[in-house]
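Have a look at entry-v7.csv below; it lists CSV, C-alpha atoms.
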chain,number,residue,atom,x,y,z
U,1,MET,CA,113.2,93.4,109.7
U,2,ALA,CA,115.6,96.3,109.2
U,3,SER,CA,118.2,97.2,111.7
U,4,PRO,CA,117.6,100.1,114.2
U,5,SER,CA,119.7,102.4,112.0
U,6,CYS,CA,117.0,102.2,109.4
U,7,LEU,CA,114.1,102.2,111.9
U,8,TRP,CA,114.6,105.2,114.2
U,9,LEU,CA,110.9,105.8,114.0
U,10,LEU,CA,108.8,107.4,116.5
U,11,ALA,CA,105.0,107.4,115.8
U,12,VAL,CA,102.7,108.5,118.6
U,13,ALA,CA,99.4,110.2,118.3
U,14,LEU,CA,99.0,113.2,119.8
U,15,LEU,CA,97.9,116.5,120.8
U,16,PRO,CA,99.8,119.6,119.5
U,17,GLY,CA,102.8,120.7,121.5
U,18,SER,CA,105.5,118.3,122.5
U,19,GLY,CA,105.6,114.7,123.3
U,20,ALA,CA,102.8,112.1,123.5
U,21,ALA,CA,99.1,112.2,123.2
U,22,ARG,CA,97.1,113.3,126.2
U,23,ALA,CA,93.5,112.5,126.6
U,24,PRO,CA,91.4,115.1,128.5
U,25,TRP,CA,89.0,112.5,130.0
U,26,ARG,CA,91.7,110.5,131.7
U,27,LEU,CA,92.2,110.5,135.4
U,28,ASP,CA,95.7,111.8,134.9
U,29,PRO,CA,95.6,113.9,131.7
U,30,ALA,CA,99.2,114.9,132.1
U,31,ALA,CA,100.4,111.3,131.6
U,32,PRO,CA,101.4,110.2,128.1
U,33,LEU,CA,98.8,107.9,126.5
U,34,PRO,CA,100.1,104.3,126.4
U,35,LEU,CA,101.4,102.8,123.2
U,36,VAL,CA,100.8,99.3,122.0
U,37,ILE,CA,103.1,97.8,119.3
U,38,TRP,CA,102.5,94.7,117.1
U,39,HIS,CA,105.5,93.5,115.1
U,40,GLY,CA,105.5,92.0,111.6
U,41,MET,CA,106.2,88.7,109.9
U,42,GLY,CA,109.3,86.9,111.1
U,43,ASP,CA,109.9,89.3,114.0
U,44,SER,CA,109.2,89.2,117.7
U,45,CYS,CA,108.1,91.6,120.4
U,46,CYS,CA,111.5,92.2,122.0
U,47,ASN,CA,114.2,91.7,119.4
U,48,PRO,CA,116.9,94.2,120.5
U,49,LEU,CA,117.6,94.9,116.8
U,50,SER,CA,114.0,95.8,116.0
U,51,MET,CA,111.0,96.1,118.2
U,52,GLY,CA,113.1,96.1,121.4
U,53,ALA,CA,115.0,99.1,120.0
U,54,ILE,CA,111.8,100.9,119.0
U,55,LYS,CA,110.3,100.4,122.4
U,56,LYS,CA,113.4,101.7,124.1
U,57,MET,CA,113.6,104.7,121.9
U,58,VAL,CA,110.0,105.7,122.5
U,59,GLU,CA,110.5,105.3,126.2
U,60,GLU,CA,113.6,107.6,126.1
U,61,LYS,CA,111.8,110.2,123.9
U,62,ILE,CA,108.7,110.3,126.0
U,63,PRO,CA,109.5,110.0,129.8
U,64,GLY,CA,106.8,108.1,131.7
U,65,ILE,CA,105.1,106.5,128.7
U,66,TYR,CA,103.9,102.9,129.0
U,67,VAL,CA,104.8,100.9,125.9
U,68,LEU,CA,103.5,97.4,125.4
U,69,SER,CA,105.1,95.4,122.6
U,70,LEU,CA,102.9,92.4,122.0
U,71,GLU,CA,104.3,88.9,122.4
U,72,ILE,CA,102.2,86.2,120.9
U,73,GLY,CA,103.5,83.1,122.6
U,74,LYS,CA,105.5,82.1,125.7
U,75,THR,CA,109.0,82.6,124.2
U,76,LEU,CA,110.5,84.9,121.6
U,77,MET,CA,111.0,81.9,119.2
U,78,GLU,CA,107.3,81.0,119.6
U,79,ASP,CA,106.4,84.6,118.9
U,80,VAL,CA,108.4,84.5,115.6
U,81,GLU,CA,106.8,81.1,114.6
U,82,ASN,CA,103.3,82.3,115.4
U,83,SER,CA,103.8,85.2,113.0
U,84,PHE,CA,103.7,82.5,110.3
U,85,PHE,CA,101.7,79.6,111.7
U,86,LEU,CA,99.1,80.8,114.3
U,87,ASN,CA,95.6,81.6,113.1
U,88,VAL,CA,95.2,85.4,113.0
U,89,ASN,CA,91.7,85.4,114.4
U,90,SER,CA,93.1,83.5,117.4
U,91,GLN,CA,95.9,86.0,117.7
U,92,VAL,CA,93.5,88.9,117.6
U,93,THR,CA,91.3,87.3,120.3
U,94,THR,CA,94.4,86.8,122.5
U,95,VAL,CA,95.5,90.4,122.1
U,96,CYS,CA,92.1,91.7,122.9
U,97,GLN,CA,92.2,89.7,126.1
U,98,ILE,CA,95.7,91.0,127.0
U,99,LEU,CA,94.6,94.6,126.4
U,100,ALA,CA,91.4,94.2,128.4
U,101,LYS,CA,93.3,92.8,131.4
U,102,ASP,CA,96.0,95.5,131.4
U,103,PRO,CA,94.9,98.2,133.9
U,104,LYS,CA,97.3,100.7,132.3
U,105,LEU,CA,95.3,100.7,129.1
U,106,HIS,CA,91.8,101.0,130.5
U,107,GLN,CA,91.5,104.7,129.7
U,108,GLY,CA,92.7,104.3,126.1
U,109,TYR,CA,95.9,103.7,124.1
U,110,ASN,CA,97.6,104.5,120.8
U,111,ALA,CA,98.5,101.6,118.5
U,112,MET,CA,101.4,101.2,116.1
U,113,GLY,CA,101.5,98.1,113.8
U,114,PHE,CA,104.5,97.1,111.7
U,115,SER,CA,103.8,95.3,108.4
U,116,GLN,CA,101.2,92.7,109.0
U,117,GLY,CA,100.8,94.0,112.5
U,118,GLY,CA,99.1,97.0,111.0
U,119,GLN,CA,96.1,95.1,109.7
U,120,PHE,CA,96.1,92.9,112.8
U,121,LEU,CA,95.8,96.0,115.1
U,122,ARG,CA,93.0,97.3,112.8
U,123,ALA,CA,91.1,94.1,113.5
U,124,VAL,CA,91.6,94.8,117.2
U,125,ALA,CA,90.2,98.3,116.7
U,126,GLN,CA,87.1,96.9,114.8
U,127,ARG,CA,86.4,93.9,117.1
U,128,CYS,CA,87.5,95.1,120.5
U,129,PRO,CA,86.4,98.6,121.4
U,130,SER,CA,87.3,98.2,125.1
U,131,PRO,CA,89.8,99.5,126.1
U,132,PRO,CA,89.5,102.2,123.4
U,133,MET,CA,92.1,102.6,120.7
U,134,ILE,CA,92.6,106.3,120.2
U,135,ASN,CA,94.9,106.4,117.1
U,136,LEU,CA,96.2,103.7,114.8
U,137,ILE,CA,99.5,104.0,113.0
U,138,SER,CA,100.1,101.4,110.3
U,139,ILE,CA,103.7,101.2,109.1
U,140,GLY,CA,103.7,99.3,105.8
U,141,GLY,CA,100.5,97.3,106.7
U,142,GLN,CA,98.7,95.4,103.9
U,143,HIS,CA,95.1,96.5,104.4
U,144,GLN,CA,93.8,95.1,101.1
U,145,GLY,CA,96.0,92.0,101.5
U,146,VAL,CA,98.8,90.8,99.2
U,147,TYR,CA,99.0,88.8,96.0
U,148,GLY,CA,102.6,87.8,96.2
U,149,LEU,CA,105.6,87.5,98.6
U,150,PRO,CA,108.5,88.7,96.4
U,151,ARG,CA,111.0,89.0,99.3
U,152,CYS,CA,109.8,87.2,102.4
U,153,PRO,CA,111.8,88.5,105.4
U,154,GLY,CA,111.8,85.4,107.5
U,155,GLU,CA,115.0,84.3,109.3
U,156,SER,CA,114.9,80.9,107.5
U,157,SER,CA,114.7,80.9,103.7
U,158,HIS,CA,113.1,77.5,103.6
U,159,ILE,CA,110.1,78.7,105.6
U,160,CYS,CA,109.6,81.5,103.0
U,161,ASP,CA,109.9,79.1,100.1
U,162,LEU,CA,107.4,76.8,101.8
U,163,ILE,CA,105.0,79.7,102.3
U,164,ARG,CA,105.2,80.8,98.7
U,165,LYS,CA,104.6,77.3,97.3
U,166,THR,CA,101.7,76.8,99.7
U,167,LEU,CA,100.0,80.1,98.8
U,168,ASN,CA,100.3,79.5,95.1
U,169,ALA,CA,99.0,75.9,95.4
U,170,GLY,CA,95.9,76.6,97.5
U,171,ALA,CA,95.7,79.7,99.7
U,172,TYR,CA,92.0,79.3,100.2
U,173,ASN,CA,92.1,75.7,101.2
U,174,LYS,CA,90.4,75.5,104.6
U,175,ALA,CA,93.3,73.8,106.3
U,176,ILE,CA,95.8,76.3,104.9
U,177,GLN,CA,93.5,79.3,105.9
U,178,GLU,CA,93.4,78.0,109.5
U,179,ARG,CA,97.1,77.4,109.8
U,180,LEU,CA,99.1,79.8,107.6
U,181,VAL,CA,99.0,83.5,108.6
U,182,GLN,CA,99.9,84.9,105.2
U,183,ALA,CA,97.1,82.9,103.6
U,184,GLU,CA,94.6,84.8,105.8
U,185,TYR,CA,95.4,88.1,104.1
U,186,TRP,CA,96.1,86.6,100.6
U,187,HIS,CA,93.9,88.5,98.2
U,188,ASP,CA,93.6,87.0,94.7
U,189,PRO,CA,92.2,89.7,92.4
U,190,ILE,CA,91.5,87.1,89.6
U,191,LYS,CA,89.5,85.0,92.0
U,192,GLU,CA,87.6,87.6,93.9
U,193,ASP,CA,84.6,85.4,94.6
U,194,THR,CA,86.8,82.7,96.0
U,195,TYR,CA,88.6,85.2,98.2
U,196,ARG,CA,85.3,86.7,99.5
U,197,ASN,CA,83.9,83.3,100.3
U,198,HIS,CA,87.0,81.6,101.8
U,199,SER,CA,89.3,84.2,103.4
U,200,ILE,CA,88.7,83.7,107.1
U,201,PHE,CA,90.4,87.0,108.2
U,202,LEU,CA,90.9,89.8,105.6
U,203,ALA,CA,87.5,89.3,103.9
U,204,ASP,CA,85.9,89.5,107.3
U,205,ILE,CA,87.5,92.7,108.6
U,206,ASN,CA,87.1,94.3,105.1
U,207,GLN,CA,83.4,93.6,105.1
U,208,GLU,CA,83.5,91.6,102.0
U,209,ARG,CA,80.6,89.3,103.0
U,210,GLY,CA,78.3,91.9,104.4
U,211,VAL,CA,78.5,94.9,106.7
U,212,ASN,CA,79.1,94.4,110.4
U,213,GLU,CA,77.9,97.7,111.7
U,214,SER,CA,80.0,97.3,114.9
U,215,TYR,CA,83.2,97.0,112.8
U,216,LYS,CA,82.3,100.2,111.0
U,217,ARG,CA,81.3,102.1,114.1
U,218,ASN,CA,84.4,101.0,116.1
U,219,LEU,CA,86.9,101.9,113.3
U,220,MET,CA,85.2,105.3,112.9
U,221,ALA,CA,85.8,106.0,116.6
U,222,LEU,CA,89.5,106.4,115.9
U,223,LYS,CA,90.7,110.0,116.0
U,224,LYS,CA,93.3,109.3,113.4
U,225,PHE,CA,94.1,106.3,111.2
U,226,VAL,CA,97.6,106.9,109.8
U,227,MET,CA,98.9,104.7,106.9
U,228,VAL,CA,102.6,104.8,106.0
U,229,LYS,CA,103.5,103.5,102.5
U,230,PHE,CA,107.1,102.6,101.4
U,231,LEU,CA,107.5,103.7,97.8
U,232,ASN,CA,110.3,101.2,97.0
U,233,ASP,CA,108.8,98.3,98.9
U,234,SER,CA,110.1,94.9,97.7
U,235,ILE,CA,108.1,92.8,100.1
U,236,VAL,CA,104.5,93.9,99.8
U,237,ASP,CA,102.7,93.2,96.5
U,238,PRO,CA,101.0,95.4,95.5
U,239,VAL,CA,102.5,98.2,97.6
U,240,ASP,CA,99.2,100.2,97.1
U,241,SER,CA,97.7,97.9,99.7
U,242,GLU,CA,99.6,99.9,102.3
U,243,TRP,CA,97.2,102.7,101.6
U,244,PHE,CA,94.1,100.4,101.1
U,245,GLY,CA,94.5,100.4,97.3
U,246,PHE,CA,94.7,97.1,95.3
U,247,TYR,CA,94.6,95.6,91.9
U,248,ARG,CA,91.6,96.3,89.8
U,249,SER,CA,89.4,93.2,89.9
U,250,GLY,CA,90.0,90.5,87.3
U,251,GLN,CA,93.7,91.2,86.7
U,252,ALA,CA,97.0,91.7,88.5
U,253,LYS,CA,98.7,94.6,86.7
U,254,GLU,CA,96.7,97.8,87.1
U,255,THR,CA,96.2,99.1,90.7
U,256,ILE,CA,93.5,101.5,91.9
U,257,PRO,CA,93.6,103.7,95.0
U,258,LEU,CA,91.3,103.3,97.9
U,259,GLN,CA,89.0,106.0,96.7
U,260,GLU,CA,88.1,103.9,93.6
U,261,THR,CA,87.4,100.7,95.4
U,262,ALA,CA,84.0,99.4,96.3
U,263,LEU,CA,85.0,99.3,99.9
U,264,TYR,CA,85.3,103.1,99.7
U,265,THR,CA,82.5,104.0,97.3
U,266,GLN,CA,80.0,101.8,99.2
U,267,ASP,CA,81.6,102.9,102.5
U,268,ARG,CA,81.2,99.5,104.0
U,269,LEU,CA,83.9,100.2,106.6
U,270,GLY,CA,83.3,104.0,107.1
U,271,LEU,CA,86.6,104.9,105.4
U,272,LYS,CA,84.9,107.4,103.0
U,273,GLU,CA,83.3,109.2,105.9
U,274,MET,CA,86.6,109.1,107.9
U,275,ASP,CA,88.4,110.4,104.8
U,276,ASN,CA,86.0,113.3,104.4
U,277,ALA,CA,86.4,114.1,108.1
U,278,GLY,CA,90.2,114.2,108.0
U,279,GLN,CA,90.6,111.1,110.1
U,280,LEU,CA,92.6,109.2,107.4
U,281,VAL,CA,96.2,110.1,107.0
U,282,PHE,CA,98.2,108.9,104.0
U,283,LEU,CA,102.0,109.2,104.2
U,284,ALA,CA,104.6,108.0,101.7
U,285,VAL,CA,108.4,107.6,102.2
U,286,GLU,CA,111.2,106.7,99.9
U,287,GLY,CA,112.6,103.4,101.0
U,288,ASP,CA,112.1,99.6,101.1
U,289,HIS,CA,109.8,97.8,103.5
U,290,LEU,CA,110.1,99.3,107.1
U,291,GLN,CA,113.3,101.2,106.2
U,292,LEU,CA,113.5,104.7,107.3
U,293,SER,CA,116.6,107.0,107.6
U,294,GLN,CA,118.0,107.5,111.0
U,295,SER,CA,117.2,111.2,111.0
U,296,MET,CA,113.5,110.7,110.2
U,297,GLU,CA,110.9,110.8,112.9
U,298,ILE,CA,107.2,110.6,112.2
U,299,LEU,CA,104.8,112.4,114.4
U,300,ALA,CA,101.2,111.9,113.3
U,301,SER,CA,99.3,114.8,114.9
U,302,THR,CA,96.0,116.4,115.4
U,303,PRO,CA,95.9,119.9,113.9
U,304,PRO,CA,97.9,122.4,116.0
U,305,PRO,CA,96.7,125.8,116.9
U,306,GLU,CA,97.1,128.1,113.9
U,307,LYS,CA,100.6,129.4,113.4
U,308,THR,CA,101.9,128.0,116.6
U,309,TYR,CA,103.9,125.0,115.4
U,310,GLN,CA,107.4,126.5,116.0
U,311,HIS,CA,110.1,124.0,117.0
U,312,PHE,CA,107.6,121.1,117.3
U,313,LEU,CA,110.6,118.8,117.5
U,314,GLU,CA,113.7,119.9,119.5
U,315,ASP,CA,115.9,120.0,116.4
U,316,CYS,CA,113.3,121.1,113.9
U,317,SER,CA,115.1,123.4,111.5
U,318,ALA,CA,112.1,125.5,110.5
U,319,GLU,CA,108.9,127.0,111.8
U,320,CYS,CA,106.2,124.8,110.4
U,321,GLN,CA,102.5,125.3,109.9
U,322,CYS,CA,100.8,121.9,109.4
U,323,GLY,CA,97.5,120.3,108.7
U,324,PRO,CA,96.5,117.0,110.3
U,325,THR,CA,99.0,114.8,108.6
U,326,ALA,CA,102.6,114.8,109.8
U,327,VAL,CA,105.5,116.7,111.1
U,328,LEU,CA,109.1,115.9,110.2
U,329,GLU,CA,112.4,116.7,111.6
U,330,GLY,CA,113.6,119.4,109.3
U,331,SER,CA,112.1,120.3,106.0
U,332,ILE,CA,108.6,119.3,104.8
U,333,LEU,CA,108.0,118.6,101.1
U,334,PRO,CA,104.6,119.2,99.4
U,335,GLN,CA,103.6,116.8,96.7
U,336,GLU,CA,103.8,119.4,94.0
U,337,MET,CA,107.6,119.7,94.3
U,338,GLY,CA,109.0,118.2,91.1
U,339,ARG,CA,111.7,115.6,90.9
U,340,SER,CA,114.2,118.1,89.5
U,341,GLN,CA,113.6,120.3,92.6
U,342,GLN,CA,113.9,117.3,94.8
U,343,ASP,CA,117.3,116.6,93.3
U,344,ASN,CA,118.5,120.0,94.4
U,345,LEU,CA,117.7,119.3,98.1
U,346,SER,CA,120.5,118.8,100.5
U,347,SER,CA,121.1,115.2,101.8
U,348,HIS,CA,119.6,116.2,105.1
U,349,GLN,CA,116.5,117.6,103.4
U,350,LYS,CA,116.2,114.4,101.3
U,351,SER,CA,116.3,112.3,104.4
U,352,CYS,CA,113.4,114.3,105.8
U,353,ILE,CA,111.1,114.1,102.9
U,354,PHE,CA,107.6,113.0,103.8
U,355,TRP,CA,104.4,114.2,102.1
U,356,ASP,CA,100.7,113.4,101.6
U,357,GLN,CA,100.5,112.5,97.9
U,358,ARG,CA,96.7,112.3,97.8
U,359,LYS,CA,95.5,115.8,98.7
U,360,GLU,CA,96.7,119.3,98.2
U,361,PRO,CA,99.7,120.3,100.3
U,362,ARG,CA,99.0,120.9,103.9
U,363,TYR,CA,102.5,122.0,104.8
U,364,GLN,CA,104.3,125.3,104.7
U,365,VAL,CA,107.9,125.9,105.7
U,366,THR,CA,108.7,129.5,106.6

What would the structure in this file look like if it were written as C-alpha cells?
Amino acid sequence: MASPSCLWLLAVALLPGSGAARAPWRLDPAAPLPLVIWHGMGDSCCNPLSMGAIKKMVEEKIPGIYVLSLEIGKTLMEDVENSFFLNVNSQVTTVCQILAKDPKLHQGYNAMGFSQGGQFLRAVAQRCPSPPMINLISIGGQHQGVYGLPRCPGESSHICDLIRKTLNAGAYNKAIQERLVQAEYWHDPIKEDTYRNHSIFLADINQERGVNESYKRNLMALKKFVMVKFLNDSIVDPVDSEWFGFYRSGQAKETIPLQETALYTQDRLGLKEMDNAGQLVFLAVEGDHLQLSQSMEILASTPPPEKTYQHFLEDCSAECQCGPTAVLEGSILPQEMGRSQQDNLSSHQKSCIFWDQRKEPRYQVT
C-alpha cells in the first residue's frame, strides 16, 4: 500500500456542483451520501498510512459525510490476515450483514474499493441490493482476475512467496480455493474450463457458469461504475483486468479489452447495456498500483448542467465542460493529445493528467 503522499485520492459519486453525492429520495437530501471503503490485499481498514488517511481526508473534504472503512475481523492484524486467508464469499456475506445493520446506510451509499476490494464490492452490489449501492468506484480492481502476482504487496515477503508457489501449484484445488483469497480470483487463460468449473468466487460473479439475472439486474442498478486503471501497474497481471479486459483465451500474451470479451458481447452481466447508457466510466492514470500524485483528486460525476462547470474544485485552474467521466484539479487531457504534446506540459499539468482512453474526448478546457 502506498503512503498517503501517493494516495491523496478523493472519489465520491455525485451530483454536479460541489461536494458529495446527494440523493433526492432521501429523508435528508442535503446530507452527503455515505461512503463505504474496502481496502486491498495486505492492508487494513484503519492503517493511518493508507485507509485511515483516506477516510480522514474524505471527512475533511466533505463535512458531515459518514465514511465506513470495512474491517474484516476483530483486530487490525486479523483484518490484514483475512485479506489473504479468509474465504471471499464469507467476507462478502459478512459485509452485506454489516451494511444491512447500519442505519446510516439504509437510504443508499457510494462504494470505493481499492485493489481486490474493487471486485469484492462489486460482488456486494450484485448479491446484496439492500441497502442500495448508488455508485461504485474501483481503484485498481481486478475484475477479470489475475494470472500472476509479480510484486505482491504484503508486509511479509514469505507470505507472498507462499502465495505464489501455492497458486502456481494448484490454484483450483478445492482446499486452496476455500482458504486462499487470491486463488478465488485467479484466472488461468490457458485452462479456461478449469477456471469456469472450479473458481468459487470470480467465475460466479462474472457469470461464467450461467446467468444469474439478479446479479445482472443489481449491477445495472448502479448510476455509475467507475474503473481506474494504473498504466504502470507492477502488481496486477494483466493490468487490463482493471478495466475488465483480459488475455485472449488459450494464451497469456495478447490481451483484449472488455468490449471484445464474451462477457460483454453476450452481455451476461449487463456491462454492454451499461456501457451504451454511459454508466461505465474508464479512467487511466500514469503510476504504479494505487499510486497517485498528491495534487490529483478524482471526482467521478454525473453530467453537470451544460456549460456550468466553472471552478468545480476550489483550486481548479480552468473552466471545464465535462461529460460523465471525471473532473480533475487543474488541466484535463483528451486521449488524442500526443506524447510529444504531453512532454511540453508543465509539471503541474502532468500531475493532473487523467483521461478516458476508450471513447472520444469528453473534456474541453477553455

Review point. Pick the closest to Tyr185 of chain U from U:Asp79, U:Asp102, U:Glu213, U:Asp237: which is it, counting all atoms listed in the file?
Key: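 Using all atoms listed in the file, the shortest distance to Tyr185 of chain U belongs to U:Asp237.
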
Exercise for review: Please indicate the distance in Å from atom CA of Glu184 of chain U to atom CA of Gly118 of chain U, rounded to one decimal place.
Suggested key: 14.0 Å

Review point. Could you work out how far atom CA of Asp267 of chain U lies from atom CA of Cys128 of chain U, giving the answer in Å with one decimal?
Key: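 Separating atom CA of Cys128 of chain U from atom CA of Asp267 of chain U is a distance of 20.5 Å.
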
Check your understanding: Which residue out of U:Met220, U:Ile190, U:Met112, U:Leu202 has the minimum interatomic distance to Ser249 of chain U when only C-alpha atoms are used?
Key ->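 Using only C-alpha atoms, the shortest distance to Ser249 of chain U belongs to U:Ile190.
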
Point to revise | Using only C-alpha atoms: which of U:Gln279, U:Asn87, U:Ser69, U:Gln126 has the shortest distance to Arg217 of chain U | key: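 The answer is U:Gln126, which sits nearest to Arg217 of chain U.
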
Exercise for review: Select, from U:Ala203, U:Ile235, U:Val95, U:Met57, the residue with the minimum atom-to-atom distance to Gly148 of chain U, counting only C-alpha atoms.
Suggested key: U:Ile235

Point to revise | Close residues, Gln97 of chain U itself excluded, 12 Å, only C-alpha atoms, min 6 positions apart in chain, as a ChimeraX atom specification | key: /U:70,72,90-91,103,105,124,127-131

Point to revise | Atomic distance atom CA of Gly145 of chain U - atom CA of Ile54 of chain U, expressed in Å with one decimal | key: 25.2 Å

Exercise for review: Have a look at U:Leu162, U:Met274, U:Cys45, U:Ile205 and name the one nearest to Gly73 of chain U; count all atoms listed in the file.
Suggested key: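 Once distances to Gly73 of chain U are computed over all atoms listed in the file, the minimum belongs to U:Cys45.
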
Check your understanding: From the set U:Phe225, U:Gln107, U:Ser234, U:Gln119, which residue has the shortest atom-to-atom contact distance to Ile137 of chain U, counting only C-alpha atoms?
Key ->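 Smallest separation from Ile137 of chain U among the options: U:Phe225.
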